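Presented below is the structure to which this report refers.
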Amino acid sequence: MMALLEKIEQPSDLKSLNQQDLPILAQEIRQFILQKVSETGGHLASNLGVVELTLAIHYVYNSPIDKIVWDVGHQSYVHKILTSRRGEFHTLRQYGGLSGFPKRRESIHDVFETGHSSTSISAALGMAKARDLKKESHNVLAVIGDGALTGGMALEALNDAGRMNTSFTVILNDNEMSIAPNVGALASYLTKIRSNPRYKWFKKGFAQVLRSVPFIGDWLTEKVEKLKNSFKYLVVPGVLFEELGFTYMGPVDGHDLPTLISTLNRAKQLKEPTFIHVITQKGKGYYFSETDPAHYHGVAPFDIENGEKTYNGKSISYSKTLGIHLTKLGSVHPELTTITAAMPDGTGLSYFQDRFPDRFFDVGIAEQHAVTFAAGLAISGLKPVVAIYSTFLQRAYDQIAHDVCRQNLPVIFAIDRAGLVGQDGDTHHGVFDISFLSHIPNLTIMAPKNTEELKY
């Protein structure tokens with residue numbers, strides 16, 4: 001029985017609840033998502049991980065007056081449930097039903113459509129500047145995962161946002177995952193923040209204590225400021241974001257509702273770029289997704305009791321065929337290398353990764369970098385295979401034309417999920433690849449009709 005959830009038809013209904021009721025509501029929402037996604041399929045682990053965060057956002061802010069942009073958007077199920085779409089949730093990812101991603105035609109609460117990663121900060125910053133120019137006063141938030149934060153566009157937006165110095169909040173949902181475990185220096189930096197003490201007193205209270213010293217407080221504060229600014233690199237979490245121009249808050253337990261609500265209320269009072277670092281557990285509340293969040297990132301219909309798919313067909317996918325055959329070729333050709341943009345399982349390259357870890361490269365959600373990195377490998381005598389979904393390869397068009405084909409380099413693009421992809425909808429359809437690739441010189445396009453032909 002879901003007594004509280006049945007009372008929530010729109011975000012304003014949350015505000016009639018006591019904070020003590022919210023953990024109960026969170027549990028009801030998890031049960032609801034688990035039941036519905038087991039029937040329809042969908043993005044499970046990412047949504048189970050953001051239940052409390054989404055509740056806190058809607059408890060503190062006033063959507064749709066306040067604007068919430070969800071990066072990628074596959075973690076927006078809780079948002080959809082709280083914004084008048086619970087009754088339609090059985091149609092999720094079905095023809096004519098709810099989209100698995102934010103969709104403006106569905107609701108005024110979906111203020112920006114997403115499906116590709118790393119776009120939320122740019123979009124939200126644009127909304128914030130438009131608000132300023134129109135002399136309005138609502139809040140603007142971007143909710144981005146640590147996986148999406150590895151994308152170059154997100155870093156470009158962070159750099160620009162701090163410089164603009166406008167009222168604007170970035171919430172980092174840090175679960176140490178994109179689809180696969182995160183890679184790279186930024187992921188390592190976030191790991192260090194998670195494991196560090198917060199040193200709140202040093203960061204916030206030191207100047208206040210110094211100023212309270214009679215007669216010499218202000219002078220002493222000024223003299224110590226340089227030391228403090230140097231020392232903070234050693235002790236203060238989030239200094240990278242502070243140096244980019246943000247006020248950093250965190251790390252915050254993303255499943256502690258009182259702390260989340262308190263932090264968001266404090267951020268709401270600030271009229272400057274603010275960065276809130278929230279730690280969540282991907283797949284929280286369901287044993288199978290907690291222990292294997294990568295596998296339960298996106299799922300077909302499954303049995304809740306054992307976590308197994310309800311349909312186990314015998315056919316082998318193009319992705320699996322690619323991975324197995326590349327692994328065989330890798331034993332014969334030591335110059336063969338493979339590259340993925342944070343999707344080793346989805347593209348089938350996890351087989352090659354297991355057998356040849358030194359010749360496998362996961363570059364994070366960075367398709368442009370992946371392609372030009374492949375060009376660097378190829379020009380040095382290696383034979384790279386870049387496996388990327390068709391819809392995501394669009395993001396690297398210039399790199400394909402300028403860095404690979406113009407130099408006539410031997411790079412193979414294994415373009416996955418070409419054509420119509422069904423449940424994920426229009427953001428993920430791979431329908432443009434032949435059109436945008438066919439006119440590029442020095443590029444040969446082949447479309448195998450089956451997995452046997454793919455091998456050759």
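Note on naming: chains are A, B, ... as they come in the structure tokens, residues start from 1 per chain, ligands start from 1 in the order shown.
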Please provide as a PyMOL selection string all residues within 8 Å of A:Ile388, with the sequence filter that same-chain residues fewer than 4 positions apart are discarded (counting only C-alpha atoms). chain A and resi 340-341+343+347+367+392-393+413-416
Filtering to N, CA, C and O atoms, could you give me those residues as a CSV table (one decimal), in the first residue's frame?
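out_39.csv, freshly written:
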chain,number,residue,atom,x,y,z
A,340,THR,N,36.3,3.1,-26.3
A,340,THR,CA,34.9,3.4,-26.0
A,340,THR,C,34.8,4.7,-25.2
A,340,THR,O,35.7,5.1,-24.5
A,341,ALA,N,33.6,5.3,-25.3
A,341,ALA,CA,33.3,6.5,-24.6
A,341,ALA,C,32.4,6.1,-23.4
A,341,ALA,O,31.2,6.4,-23.5
A,343,MET,N,31.3,3.2,-22.5
A,343,MET,CA,30.3,2.1,-22.7
A,343,MET,C,30.9,0.8,-23.1
A,343,MET,O,30.6,0.3,-24.2
A,347,THR,N,28.8,-1.6,-25.9
A,347,THR,CA,29.4,-1.7,-27.3
A,347,THR,C,30.0,-3.1,-27.5
A,347,THR,O,30.5,-3.4,-28.6
A,367,GLU,N,33.2,11.8,-26.6
A,367,GLU,CA,33.3,11.2,-28.0
A,367,GLU,C,34.3,11.9,-28.9
A,367,GLU,O,35.0,11.3,-29.7
A,392,PHE,N,25.5,9.1,-30.6
A,392,PHE,CA,26.6,9.8,-29.8
A,392,PHE,C,27.7,10.2,-30.8
A,392,PHE,O,28.5,11.1,-30.5
A,393,LEU,N,27.9,9.4,-31.9
A,393,LEU,CA,28.9,9.8,-32.8
A,393,LEU,C,28.7,11.1,-33.5
A,393,LEU,O,29.6,11.7,-34.0
A,413,PHE,N,35.4,2.8,-37.3
A,413,PHE,CA,34.3,3.2,-36.5
A,413,PHE,C,33.3,2.1,-36.5
A,413,PHE,O,32.7,1.8,-37.5
A,414,ALA,N,33.1,1.4,-35.3
A,414,ALA,CA,32.0,0.4,-35.1
A,414,ALA,C,30.8,1.1,-34.6
A,414,ALA,O,30.7,1.4,-33.4
A,415,ILE,N,29.9,1.5,-35.5
A,415,ILE,CA,28.8,2.3,-35.1
A,415,ILE,C,27.6,1.5,-34.7
A,415,ILE,O,27.0,0.8,-35.4
A,416,ASP,N,27.4,1.5,-33.4
A,416,ASP,CA,26.3,0.7,-32.7
A,416,ASP,C,25.0,1.4,-32.7
A,416,ASP,O,24.9,2.6,-32.8
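Proximity to A:Ile434 at 12 Å, evaluated using only C-alpha atoms and with sequence-adjacent residues fewer than 6 positions away removed, yields Ser390, Thr391, Leu393, Gln394, Ile415, Ala418, Gly419, Ile440, Leu443, Thr444, Ile445, Met446 and Ala447 of chain A.
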Just-selected residues, N, CA, C and O atoms written as a short mmCIF file (atom, residue, chain, number, x, y, z; two decimals), in the first residue's frame:
data_model
loop_
_atom_site.label_atom_id
_atom_site.label_comp_id
_atom_site.auth_asym_id
_atom_site.auth_seq_id
_atom_site.Cartn_x
_atom_site.Cartn_y
_atom_site.Cartn_z
N SER A 390 25.53 5.27 -32.65
CA SER A 390 25.33 6.20 -33.76
C SER A 390 24.93 7.60 -33.29
O SER A 390 25.48 8.61 -33.74
N THR A 391 23.97 7.67 -32.38
CA THR A 391 23.48 8.99 -31.94
C THR A 391 24.57 9.79 -31.23
O THR A 391 24.60 11.02 -31.33
N LEU A 393 27.86 9.44 -31.86
CA LEU A 393 28.93 9.76 -32.80
C LEU A 393 28.69 11.10 -33.48
O LEU A 393 29.63 11.74 -33.95
N GLN A 394 27.44 11.54 -33.51
CA GLN A 394 27.13 12.87 -34.07
C GLN A 394 27.96 13.96 -33.40
O GLN A 394 28.28 14.98 -34.02
N ILE A 415 29.90 1.47 -35.47
CA ILE A 415 28.78 2.33 -35.13
C ILE A 415 27.62 1.46 -34.66
O ILE A 415 26.98 0.76 -35.44
N ALA A 418 22.55 1.71 -34.74
CA ALA A 418 22.10 2.47 -35.90
C ALA A 418 20.62 2.19 -36.16
O ALA A 418 20.09 1.14 -35.80
N GLY A 419 19.95 3.16 -36.76
CA GLY A 419 18.54 3.01 -37.06
C GLY A 419 17.65 3.42 -35.90
O GLY A 419 18.07 4.13 -34.99
N ILE A 440 31.90 12.50 -46.66
CA ILE A 440 33.24 12.80 -46.17
C ILE A 440 34.26 12.00 -46.99
O ILE A 440 34.16 10.77 -47.08
N LEU A 443 36.37 7.97 -46.52
CA LEU A 443 35.59 7.20 -45.56
C LEU A 443 34.74 6.18 -46.31
O LEU A 443 33.98 6.54 -47.22
N THR A 444 34.88 4.91 -45.95
CA THR A 444 34.09 3.84 -46.54
C THR A 444 33.05 3.37 -45.54
O THR A 444 33.38 3.10 -44.37
N ILE A 445 31.80 3.28 -45.97
CA ILE A 445 30.71 2.84 -45.10
C ILE A 445 30.29 1.43 -45.49
O ILE A 445 30.03 1.15 -46.66
N MET A 446 30.23 0.56 -44.50
CA MET A 446 29.74 -0.80 -44.71
C MET A 446 28.65 -1.10 -43.70
O MET A 446 28.77 -0.73 -42.53
N ALA A 447 27.58 -1.76 -44.15
CA ALA A 447 26.45 -2.07 -43.27
C ALA A 447 26.15 -3.56 -43.37
O ALA A 447 25.37 -4.00 -44.24
#
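We find atom CA of A:Val299 and atom CA of A:Ala370 to be spaced 26.3 Å apart.
The shortest atom-to-atom distance to A:Asn450, with only C-alpha atoms taken into account, belongs to A:Ser319 out of A:His369, A:Asp403, A:Ser319, A:Ser118.
The list of residues with at least one atom within 8 Å of A:Phe356, based on only C-alpha atoms and without residues fewer than 3 positions apart in the same chain, reads A:Thr327, A:Gly330, A:Phe352, A:Gln353, A:Arg359, A:Phe360.
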If you count only C-alpha atoms, the residue of A:Leu48, A:Ile33, A:Leu82, A:Ala56 closest to A:Glu6 turns out to be A:Leu82
From the DSSP assignment of the backbone, select every residue of stretch 287-439 of chain A that is helix (DSSP H, G or I), and format the answer as JSON, numbers by chain. {"A": [287, 288, 289, 290, 291, 318, 319, 320, 321, 322, 323, 324, 325, 326, 327, 328, 329, 330, 331, 332, 350, 351, 352, 353, 354, 355, 357, 358, 359, 367, 368, 369, 370, 371, 372, 373, 374, 375, 376, 377, 378, 379, 390, 391, 392, 393, 394, 395, 396, 397, 398, 399, 400, 401, 402, 403, 404, 405, 422, 423, 424, 426, 427, 428, 433, 434, 435, 436, 437]}
Just checking: using only C-alpha atoms, which residue out of A:Lys271, A:Lys134, A:His295, A:His74 ends up closest to A:Pro344? A:His295
Residues within 6 Å of A:Gly323, only C-alpha atoms, excluding chain neighbours under 3 positions, as a PDB file with C-alpha atoms, in the first residue's frame:
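Final file, selection.pdb:
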ATOM      1  CA  LYS A 320      28.478  -9.029 -28.532  1.00  0.00           C
ATOM      2  CA  LEU A 326      37.743  -8.277 -31.997  1.00  0.00           C
ATOM      3  CA  GLY A 348      30.627  -5.258 -26.566  1.00  0.00           C
ATOM      4  CA  LEU A 349      34.211  -4.148 -25.916  1.00  0.00           C
ATOM      5  CA  TYR A 351      35.392  -8.872 -23.893  1.00  0.00           C
TER       6      TYR A 351
END
Using only C-alpha atoms, determine which residues lie at most 10 Å from A:Leu158, disregarding the query and same-chain residues fewer than 4 positions distant; provide the list as a VMD selection string. chain A and resid 121 to 122 125 149 152 to 154 162 to 163 170 241 244 to 246 273 275
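Restricting the calculation to only C-alpha atoms, the smallest distance between A:Leu4 and any of A:Ala161, A:Ile171, A:Glu28, A:Pro334 is found for A:Glu28.
The spacing separating atom CA of A:Asp256 from atom CA of A:Val72 amounts to 24.0 Å.
You can rank A:Gly376, A:Gly381, A:Gly42, A:Gly49 by their closest distance to A:Ser99 using only C-alpha atoms, and at the top of that list sits A:Gly42.
Remark: for A:Arg85, the closest of the candidate residues A:Ile8, A:Asn18, A:Glu39, A:Phe112 is A:Ile8 (distances computed over only C-alpha atoms).
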As a PyMOL selection string, which residues of stretch 41-164 of chain A does DSSP assign to strand (DSSP E or B)? chain A and resi 42-43+67-70+140-145
